[in-house]
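So this one's start.txt, compact mmCIF, C-alpha atoms and all ligand atoms:
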# COMPACT_ATOMS: atom_id res chain seq x y z
CA MET A 1 115.20 87.86 94.79
CA TYR A 2 114.52 87.72 98.46
CA GLY A 3 112.57 85.23 100.46
CA THR A 4 110.24 86.56 103.08
CA GLY A 5 112.75 85.49 105.68
CA PRO A 6 112.46 83.27 108.65
CA ASN A 7 110.23 85.12 111.08
CA PRO A 8 108.64 88.38 110.05
CA ARG A 9 107.64 89.01 113.64
CA ASP A 10 111.28 89.46 114.59
CA GLU A 11 111.51 92.30 112.17
CA ALA A 12 108.25 93.76 113.35
CA ARG A 13 109.67 93.81 116.87
CA GLY A 14 112.68 95.61 115.54
CA ARG A 15 115.08 92.76 116.21
CA PRO A 16 117.06 90.96 113.57
CA PRO A 17 115.74 87.52 112.59
CA ALA A 18 117.15 84.67 114.68
CA ALA A 19 119.47 83.59 111.90
CA LEU A 20 121.08 87.01 111.79
CA ARG A 21 121.54 87.11 115.52
CA ARG A 22 123.55 83.92 115.23
CA CYS A 23 125.59 84.98 112.20
CA PRO A 24 128.53 87.31 112.26
CA ARG A 25 127.15 90.77 111.52
CA PRO A 26 129.32 93.54 110.21
CA GLY A 27 129.63 96.20 112.86
CA PRO A 28 128.60 99.75 112.11
CA ARG A 29 130.63 100.94 109.17
CA THR A 30 133.69 102.59 110.54
CA GLY A 31 135.50 103.19 107.28
CA SER A 32 135.62 106.73 106.00
CA VAL A 33 133.94 107.74 102.78
CA TRP A 34 137.36 107.85 101.17
CA GLN A 35 138.28 104.35 102.28
CA GLU A 36 135.03 102.94 101.01
CA ALA A 37 135.27 104.89 97.78
CA GLN A 38 138.73 103.45 97.16
CA GLU A 39 137.57 99.91 97.83
CA PHE A 40 134.60 100.31 95.50
CA LEU A 41 136.48 102.04 92.68
CA ARG A 42 139.24 99.43 92.79
CA LEU A 43 136.64 96.68 92.51
CA TYR A 44 134.91 98.50 89.66
CA HIS A 45 138.09 99.03 87.65
CA ARG A 46 139.24 95.48 88.31
CA GLU A 47 135.98 94.00 87.04
CA GLU A 48 135.44 96.54 84.27
CA PRO A 49 138.90 97.09 82.82
CA ARG A 50 137.44 99.08 79.94
CA ALA A 51 136.20 101.76 82.29
CA GLY A 52 139.35 103.83 81.82
CA ASP A 53 142.16 104.98 84.08
CA GLY A 54 141.29 103.92 87.63
CA GLU A 55 144.08 105.88 89.30
CA LYS A 56 143.01 109.08 87.61
CA ARG A 57 139.43 108.53 88.74
CA LEU A 58 140.62 107.87 92.32
CA ALA A 59 142.50 111.16 92.38
CA GLU A 60 139.43 112.99 91.12
CA VAL A 61 137.19 111.37 93.73
CA ARG A 62 139.66 112.13 96.49
CA ALA A 63 139.67 115.80 95.60
CA GLU A 64 135.89 115.87 95.51
CA ILE A 65 135.61 114.17 98.90
CA GLU A 66 138.07 116.64 100.40
CA GLU A 67 135.95 119.49 99.14
CA ARG A 68 132.38 118.25 99.73
CA GLY A 69 132.70 115.27 102.07
CA THR A 70 131.15 113.06 99.40
CA TYR A 71 131.34 112.45 95.66
CA ARG A 72 129.16 111.73 92.66
CA HIS A 73 129.22 108.35 90.99
CA THR A 74 129.36 108.30 87.21
CA PRO A 75 126.27 106.65 85.67
CA ASP A 76 128.35 103.54 84.92
CA GLU A 77 129.68 103.34 88.48
CA LEU A 78 126.13 103.66 89.78
CA ALA A 79 124.85 100.87 87.51
CA PHE A 80 127.76 98.60 88.42
CA GLY A 81 127.31 99.36 92.13
CA ALA A 82 123.60 98.57 92.04
CA ARG A 83 124.17 95.28 90.21
CA VAL A 84 126.90 94.23 92.61
CA ALA A 85 124.69 95.16 95.57
CA TRP A 86 122.23 92.60 94.23
CA ARG A 87 125.05 90.10 93.69
CA ASN A 88 126.00 90.60 97.34
CA SER A 89 122.49 90.06 98.75
CA ASN A 90 123.07 86.99 100.89
CA ARG A 91 119.36 86.43 101.44
CA CYS A 92 118.45 86.35 97.76
CA ILE A 93 118.20 83.04 95.93
CA GLY A 94 117.59 84.69 92.53
CA ARG A 95 120.97 86.25 91.87
CA LEU A 96 121.90 84.35 88.71
CA TYR A 97 120.67 87.29 86.63
CA TRP A 98 122.36 90.06 88.61
CA ARG A 99 124.02 91.49 85.50
CA ALA A 100 120.64 92.03 83.86
CA LEU A 101 119.42 94.53 86.45
CA GLN A 102 118.29 97.68 84.65
CA VAL A 103 119.19 100.90 86.42
CA ARG A 104 117.18 104.12 86.23
CA ASP A 105 119.42 106.97 87.26
CA LEU A 106 117.12 109.61 88.77
CA ARG A 107 119.55 111.06 91.28
CA GLN A 108 118.43 114.58 90.41
CA LEU A 109 115.02 113.90 92.03
CA ASP A 110 114.45 114.45 95.74
CA ASP A 111 110.88 115.77 96.07
CA ALA A 112 107.97 113.48 96.89
CA ALA A 113 105.76 114.44 93.94
CA SER A 114 108.42 113.64 91.32
CA MET A 115 109.36 110.46 93.15
CA ALA A 116 105.74 109.31 93.19
CA ARG A 117 105.51 109.88 89.44
CA GLU A 118 108.69 107.88 88.87
CA CYS A 119 107.70 105.04 91.21
CA VAL A 120 104.59 104.66 89.08
CA ALA A 121 106.74 104.64 85.94
CA HIS A 122 108.99 102.06 87.64
CA LEU A 123 106.03 99.75 88.28
CA ARG A 124 104.89 99.99 84.66
CA LEU A 125 108.36 99.34 83.26
CA ALA A 126 108.98 96.47 85.66
CA ALA A 127 105.62 94.78 84.99
CA ASN A 128 106.19 95.04 81.24
CA GLY A 129 102.87 93.39 80.44
CA GLY A 130 103.84 90.30 82.45
CA ARG A 131 107.43 89.79 81.30
CA ILE A 132 108.83 91.14 84.55
CA ARG A 133 112.05 93.13 84.28
CA PRO A 134 114.47 93.38 87.22
CA LEU A 135 114.75 97.13 87.73
CA ILE A 136 116.04 99.71 90.20
CA THR A 137 115.25 103.41 90.33
CA VAL A 138 117.83 105.47 92.20
CA PHE A 139 116.74 108.80 93.71
CA ALA A 140 118.93 111.43 95.39
CA PRO A 141 121.63 110.27 97.85
CA ASP A 142 122.27 111.34 101.43
CA GLU A 143 124.81 114.15 101.57
CA PRO A 144 126.77 115.44 104.56
CA GLY A 145 124.27 117.28 106.77
CA ARG A 146 121.56 116.83 104.14
CA PRO A 147 119.69 113.52 104.34
CA GLY A 148 118.13 112.35 101.10
CA PRO A 149 114.49 111.45 100.51
CA ARG A 150 112.88 108.37 102.08
CA ILE A 151 110.23 105.91 101.00
CA TRP A 152 108.20 104.87 104.04
CA SER A 153 106.34 102.09 102.25
CA GLU A 154 108.05 98.74 102.60
CA GLN A 155 107.29 97.88 98.98
CA LEU A 156 105.85 99.93 96.13
CA VAL A 157 102.81 97.66 96.12
CA ARG A 158 101.28 96.59 99.43
CA TYR A 159 97.80 95.57 100.51
CA ALA A 160 96.07 97.50 103.26
CA GLY A 161 95.55 95.91 106.65
CA TYR A 162 92.62 97.15 108.70
CA GLY A 163 92.81 94.86 111.68
CA PRO A 164 94.25 91.70 113.19
CA GLY A 165 95.19 88.66 111.11
CA GLY A 166 93.14 85.90 109.69
CA SER A 167 90.74 84.74 107.03
CA LEU A 168 90.63 87.63 104.58
CA ALA A 169 88.52 89.79 106.88
CA HIS A 170 90.90 92.70 107.33
CA GLY A 171 93.46 92.57 104.54
CA ASP A 172 97.20 92.05 105.16
CA PRO A 173 98.00 92.31 108.88
CA ARG A 174 101.62 93.08 108.03
CA ASN A 175 100.55 96.50 106.80
CA THR A 176 98.18 97.71 109.51
CA GLY A 177 100.67 100.33 110.76
CA ILE A 178 101.30 102.00 107.43
CA THR A 179 97.59 101.73 106.59
CA ALA A 180 96.75 103.64 109.78
CA LEU A 181 99.42 106.22 108.96
CA ALA A 182 98.10 106.71 105.41
CA LEU A 183 94.61 107.24 106.87
CA ARG A 184 95.99 109.78 109.37
CA LEU A 185 97.71 111.58 106.53
CA GLY A 186 94.39 111.91 104.74
CA TRP A 187 94.09 108.82 102.53
CA PRO A 188 90.35 108.15 102.32
CA GLY A 189 90.90 104.36 102.57
CA GLY A 190 90.17 101.67 100.01
CA PRO A 191 86.99 99.76 99.16
CA ARG A 192 87.72 97.36 102.05
CA THR A 193 88.39 94.28 100.00
CA PRO A 194 91.02 91.88 101.40
CA PHE A 195 93.39 93.28 98.76
CA ASP A 196 93.08 97.09 98.75
CA ILE A 197 96.16 98.67 97.18
CA LEU A 198 97.81 101.05 99.63
CA PRO A 199 99.01 104.45 98.51
CA LEU A 200 102.74 105.12 98.47
CA VAL A 201 104.04 107.01 101.49
CA LEU A 202 106.97 109.18 100.43
CA GLN A 203 109.06 111.80 102.15
CA GLY A 204 110.91 114.23 99.96
CA ARG A 205 114.13 115.82 101.13
CA GLY A 206 113.26 118.26 103.92
CA GLU A 207 109.56 117.44 103.54
CA GLU A 208 106.95 115.70 105.70
CA PRO A 209 105.68 112.28 104.51
CA ARG A 210 102.76 112.38 102.06
CA TRP A 211 100.56 109.73 100.45
CA PHE A 212 100.14 109.16 96.71
CA ALA A 213 97.54 106.79 95.29
CA LEU A 214 98.82 104.34 92.67
CA PRO A 215 96.84 104.41 89.43
CA PRO A 216 95.17 100.99 89.09
CA ASP A 217 96.74 100.33 85.70
CA ALA A 218 100.22 100.68 87.23
CA VAL A 219 99.67 97.66 89.48
CA LEU A 220 99.71 94.35 87.67
CA GLU A 221 97.88 91.71 89.70
CA VAL A 222 97.09 88.06 89.14
CA ALA A 223 93.73 86.65 90.18
CA LEU A 224 94.45 83.24 91.67
CA GLU A 225 92.72 80.05 90.64
CA HIS A 226 93.44 76.47 91.49
CA PRO A 227 93.95 74.12 88.54
CA GLU A 228 91.16 71.81 89.75
CA ALA A 229 89.36 73.26 92.77
CA GLY A 230 87.05 76.28 92.99
CA TRP A 231 87.98 77.90 96.32
CA CYS A 232 90.70 80.24 95.08
CA ALA A 233 88.53 82.02 92.57
CA GLU A 234 85.52 81.90 94.87
CA TRP A 235 87.38 83.67 97.67
CA GLY A 236 88.77 86.27 95.27
CA LEU A 237 92.40 85.49 96.11
CA ARG A 238 94.97 87.51 94.20
CA TRP A 239 98.51 88.82 94.46
CA HIS A 240 100.51 91.56 92.79
CA ALA A 241 103.07 90.64 90.16
CA VAL A 242 106.00 92.92 91.05
CA PRO A 243 107.78 92.59 94.40
CA ALA A 244 109.49 96.00 94.68
CA ILE A 245 111.36 96.58 97.93
CA ALA A 246 111.26 100.31 98.57
CA ASN A 247 112.76 101.02 101.98
CA MET A 248 116.26 99.57 101.85
CA CYS A 249 119.27 101.77 101.43
CA LEU A 250 121.64 101.16 98.52
CA GLU A 251 125.17 101.67 99.76
CA ILE A 252 127.94 102.08 97.19
CA GLY A 253 131.48 103.12 97.95
CA GLY A 254 130.62 105.25 100.98
CA VAL A 255 127.60 106.90 99.33
CA ARG A 256 124.12 106.04 100.62
CA TYR A 257 121.04 106.10 98.40
CA PRO A 258 118.18 105.85 100.90
CA ALA A 259 115.45 105.86 98.24
CA ALA A 260 116.22 103.26 95.59
CA PRO A 261 113.28 100.91 95.01
CA PHE A 262 114.20 97.69 93.24
CA ASN A 263 112.41 94.59 92.02
CA GLY A 264 112.94 91.13 90.61
CA TRP A 265 110.14 88.66 90.03
CA TYR A 266 108.38 86.43 92.52
CA MET A 267 109.23 82.90 93.54
CA GLY A 268 105.89 81.14 94.13
CA THR A 269 106.60 80.20 97.75
CA GLU A 270 106.90 83.85 98.79
CA ILE A 271 103.20 84.19 98.08
CA GLY A 272 101.92 80.64 98.63
CA ALA A 273 104.02 79.58 101.61
CA ARG A 274 104.36 82.94 103.39
CA ASN A 275 102.15 85.89 102.39
CA LEU A 276 98.92 83.93 102.12
CA ALA A 277 99.84 81.20 104.61
CA ASP A 278 101.68 82.65 107.63
CA THR A 279 99.41 82.81 110.66
CA ASP A 280 100.23 86.49 111.10
CA ARG A 281 99.52 87.24 107.41
CA TYR A 282 96.47 85.96 105.50
CA ASP A 283 96.46 82.69 107.47
CA LEU A 284 94.60 80.70 104.81
CA LEU A 285 95.73 77.16 105.59
CA PRO A 286 92.93 76.20 108.03
CA ARG A 287 90.33 77.48 105.61
CA ILE A 288 91.81 75.62 102.69
CA ALA A 289 92.21 72.43 104.70
CA GLU A 290 88.58 72.56 105.73
CA ARG A 291 87.54 72.98 102.12
CA LEU A 292 89.69 69.98 101.25
CA GLY A 293 87.84 67.97 103.87
CA LEU A 294 91.00 67.34 105.92
CA ASP A 295 91.04 66.59 109.61
CA ILE A 296 92.32 69.80 111.18
CA SER A 297 91.86 68.55 114.73
CA THR A 298 95.26 66.85 114.67
CA ASP A 299 98.64 67.92 113.34
CA ARG A 300 99.27 64.34 112.30
CA SER A 301 96.84 64.44 109.41
CA LEU A 302 99.40 66.84 107.89
CA TRP A 303 96.55 69.15 106.90
CA LYS A 304 98.84 72.17 106.91
CA ASP A 305 101.31 70.49 104.58
CA ARG A 306 98.61 69.35 102.18
CA ALA A 307 96.88 72.72 102.10
CA LEU A 308 100.23 74.44 101.51
CA VAL A 309 100.96 72.36 98.45
CA GLU A 310 97.55 73.13 96.92
CA LEU A 311 97.91 76.84 97.60
CA ASN A 312 101.35 76.87 95.99
CA ARG A 313 100.07 74.98 92.98
CA ALA A 314 97.38 77.62 92.59
CA VAL A 315 99.92 80.47 92.70
CA LEU A 316 102.20 78.98 90.02
CA HIS A 317 99.28 77.88 87.85
CA SER A 318 97.64 81.31 87.95
CA PHE A 319 100.78 83.31 87.15
CA ASP A 320 101.55 80.93 84.29
CA ARG A 321 98.04 81.25 82.90
CA ALA A 322 98.20 85.02 83.16
CA GLY A 323 101.56 85.08 81.36
CA VAL A 324 103.28 86.73 84.33
CA THR A 325 106.87 85.79 85.20
CA ILE A 326 107.21 83.69 88.32
CA THR A 327 109.73 81.05 89.34
CA ASP A 328 109.28 77.93 91.44
CA HIS A 329 111.54 76.89 94.28
CA HIS A 330 112.93 73.80 92.54
CA THR A 331 114.07 75.69 89.44
CA GLU A 332 115.38 78.62 91.43
CA SER A 333 117.39 76.38 93.77
CA ARG A 334 119.15 74.80 90.80
CA ARG A 335 119.79 78.22 89.30
CA PHE A 336 121.30 79.40 92.52
CA LEU A 337 123.84 76.58 92.50
CA THR A 338 124.64 77.45 88.87
CA HIS A 339 125.18 81.01 90.03
CA ILE A 340 127.62 79.87 92.72
CA ASP A 341 129.58 77.81 90.16
CA ARG A 342 129.68 80.63 87.65
CA GLU A 343 130.86 83.12 90.19
CA ARG A 344 133.52 80.74 91.39
CA CYS A 345 134.83 80.44 87.82
CA ARG A 346 135.23 84.21 87.87
CA GLY A 347 137.18 83.99 91.12
CA ARG A 348 134.36 85.24 93.35
CA GLU A 349 132.84 83.58 96.39
CA VAL A 350 129.05 83.88 96.79
CA GLY A 351 127.87 84.74 100.29
CA ALA A 352 124.54 83.31 101.38
CA ASP A 353 122.32 83.03 104.42
CA TRP A 354 121.07 79.44 104.62
CA SER A 355 117.93 80.28 106.56
CA TRP A 356 116.78 82.69 103.85
CA ILE A 357 117.98 80.71 100.83
CA VAL A 358 116.27 77.43 101.69
CA PRO A 359 112.67 77.67 100.45
CA PRO A 360 109.86 77.61 103.03
CA LEU A 361 108.29 74.62 101.31
CA SER A 362 109.92 71.20 100.72
CA GLY A 363 113.30 72.56 101.77
CA ALA A 364 115.20 69.28 101.71
CA THR A 365 113.90 68.37 98.26
CA THR A 366 115.92 71.28 96.86
CA PRO A 367 119.69 71.11 96.43
CA VAL A 368 120.31 74.39 98.29
CA PHE A 369 119.35 72.66 101.55
CA HIS A 370 122.18 70.14 101.54
CA ARG A 371 125.15 72.41 102.02
CA THR A 372 126.51 75.33 103.96
CA TYR A 373 127.39 78.82 102.79
CA ASP A 374 129.90 81.53 103.47
CA SER A 375 127.97 84.31 105.19
CA THR A 376 130.49 87.13 104.82
CA GLU A 377 128.76 90.43 104.04
CA ARG A 378 130.22 92.35 101.13
CA ARG A 379 129.79 95.86 99.71
CA PRO A 380 128.16 97.42 97.72
CA ALA A 381 125.00 96.26 99.46
CA PHE A 382 121.35 96.86 100.16
CA VAL A 383 121.17 97.63 103.86
CA HIS A 384 118.29 98.29 106.23
CA SER A 385 118.17 102.03 106.84
CA PRO A 386 117.93 103.04 110.46
CA GLY A 387 114.27 103.65 111.24
CA ALA A 388 113.00 101.94 108.06
CA GLY A 389 111.16 99.26 110.02
CA ALA A 390 109.43 101.84 112.20
CA ARG A 391 108.49 103.95 109.18
CA ALA A 392 107.07 100.92 107.36
CA ARG A 393 104.93 100.30 110.45
CA GLY A 394 103.73 103.86 110.20
CA GLU A 395 105.41 104.93 113.44
CA TYR A 396 105.88 108.65 113.27
CA PRO A 397 109.05 109.47 115.18
CA GLY A 398 108.03 112.15 117.72
N1 LIG B 401 109.06 88.23 100.02
C1 LIG B 401 108.57 89.52 99.64
C2 LIG B 401 107.10 89.43 99.29
O1 LIG B 401 106.56 88.37 99.32
C3 LIG B 401 109.32 90.08 98.44
C4 LIG B 401 110.81 90.13 98.58
C5 LIG B 401 111.50 90.26 97.24
N2 LIG B 401 111.23 89.11 96.43
C6 LIG B 401 111.64 88.95 95.16
N3 LIG B 401 111.27 87.87 94.55
N4 LIG B 401 112.41 89.84 94.58
O2 LIG B 401 106.45 90.39 98.93
Could you express the structure from this file as structure tokens?
Ligand code: ARG
Amino acid sequence: MYGTGPNPRDEARGRPPAALRRCPRPGPRTGSVWQEAQEFLRLYHREEPRAGDGEKRLAEVRAEIEERGTYRHTPDELAFGARVAWRNSNRCIGRLYWRALQVRDLRQLDDAASMARECVAHLRLAANGGRIRPLITVFAPDEPGRPGPRIWSEQLVRYAGYGPGGSLAHGDPRNTGITALALRLGWPGGPRTPFDILPLVLQGRGEEPRWFALPPDAVLEVALEHPEAGWCAEWGLRWHAVPAIANMCLEIGGVRYPAAPFNGWYMGTEIGARNLADTDRYDLLPRIAERLGLDISTDRSLWKDRALVELNRAVLHSFDRAGVTITDHHTESRRFLTHIDRERCRGREVGADWSWIVPPLSGATTPVFHRTYDSTERRPAFVHSPGAGARARGEYPG
């Protein structure tokens, strides 16, 4: 699972977060489809020796690439590739369960209406009545001279933003761009609560982007309440249960799947220390601190820190009470170190990006803080598609 990253504003400005600017980045992929296919198929046959004759498969793929400039993965190759892309996600602390990712192979679909239907099905399967299932749905790939479909929405579930940040007045400021785009495309708008569910914005192959409302029963949400205090329930705070990233490109062996939404489950801090707390998101800390009677006129009362802890308690408490899967940063940090050990036993090094792995709350109280990581980027991988950031901000390229 991913953290929300160091500074969302970097991304909004279209520049990589500071940590990435410092780290070695892989250049643009120069390898040919054939080179990448070979690398991937060798990895697959090495790790899955029961998959049959690797050399025979390589010859087949080579012939197909010579003819069409690309090739089709078998369903097993696709599932392996998607799982390893998760395993290779250096920003994700939740990779211990990478093998359990369920893969929906819907590569035959490339039109927006069918994709919308299947994104809804994805959300229902993933939510699973609260026992969240890690899941990916893979739609049609890019082909030479024939780009595949695109999902403009950053995640399958997002809350509308109708204006600048702060205090629940205008929803989630992160999503003002895509909200404005949905409205321009004809979405009538929501009921103007702080948590209006946005429609999906999808672009089928060769089509213009269109909006599709999500049926309310496809979106599992948790109403937040604090274990002792009343403010959470009073203010109507809530968050959705399934974090499903929708606009990253799944890259496997030289084939790009630009529409492949995937989800894990939340870690509490993503909601309590970022989404509801960041000053350019819901910015709730001053309000909470005031309710707690803290002195917000000076940093040194540590009002932000104290409000943060209470907000994060409320998130974990509410998900637990609702029977919805969520992890906390202490547990997940330990699991991540278990993951590193396990992978090492299998002869594999785990790449990681420290600035994303260390939780945004109580960093140094977790064991992931006190070490360094190898930041080599490996393939298969989830990569940011060119233009994805602009599309998620609703910027219609001219
Ligand atoms: N941080 C993002 C959010 O708060 C979700 C990223 C993916 N997270 C996950 N646990 N799989 O919505």
Pick the closest to A:Arg131 from A:Thr376, A:Thr331, A:Thr366, A:Thr325: which is it, counting only C-alpha atoms?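 So, comparing all the options, the nearest one is A:Thr325.
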Grab me every residue within 10 Å of ligand LIG 401 (chain B), counting all atoms listed in the file, and send it over as JSON, numbers by chain. {"A": [1, 2, 3, 4, 5, 91, 92, 93, 94, 95, 134, 154, 155, 156, 157, 158, 239, 240, 241, 242, 243, 244, 245, 262, 263, 264, 265, 266, 267, 268, 269, 270, 271, 272, 273, 274, 275, 276, 326, 327]}
So how far away is atom CA of A:Pro149 from atom CA of A:Asp111, in Å?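 For atom CA of A:Asp111 relative to atom CA of A:Pro149, the distance reads 7.2 Å.
Between atom CA of A:Gly206 and atom CA of A:Ala116 there is a distance of 15.9 Å.
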When you look at A:His170 with a cut-off of 9 Å (counting only C-alpha atoms), what residues show up, excluding the ones that are within fewer than 5 positions of it in the same chain? I need them as a ChimeraX atom specification. /A:160-165,192-195,282
Can you list, as number ranges by chain, every protein, DNA or RNA residue that comes within 7 Å of A:Ser153 when you count only C-alpha atoms, leaving out same-chain residues fewer than 2 positions away? A: 151, 155-156, 200-201, 246-247, 392
Can you tell me, as number ranges by chain, what residues are no more than 9 Å from A:Ala322 when counting only C-alpha atoms, ignoring any on the same chain fewer than 2 positions away? A: 130, 222-223, 317-320, 324-325
Quick one: of A:Leu109, A:Ala289, A:Ala63, A:Leu198, who's nearest to A:Tyr159, counting all atoms listed in the file? A:Leu198
In Å to one decimal, how far is atom CA of A:Asp76 from atom CA of A:Glu48?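 Atom-to-atom, atom CA of A:Glu48 and atom CA of A:Asp76 are spaced 10.0 Å apart.
The closest residue to A:Pro209, picked from A:Leu181, A:Leu294, A:Ala364, A:Val33 and counting all atoms listed in the file, is A:Leu181.
Of the residues listed (A:Arg83, A:Arg146, A:Trp34, A:Gly171), A:Trp34 shows the shortest atom-to-atom separation from A:Glu66; distances use only C-alpha atoms.
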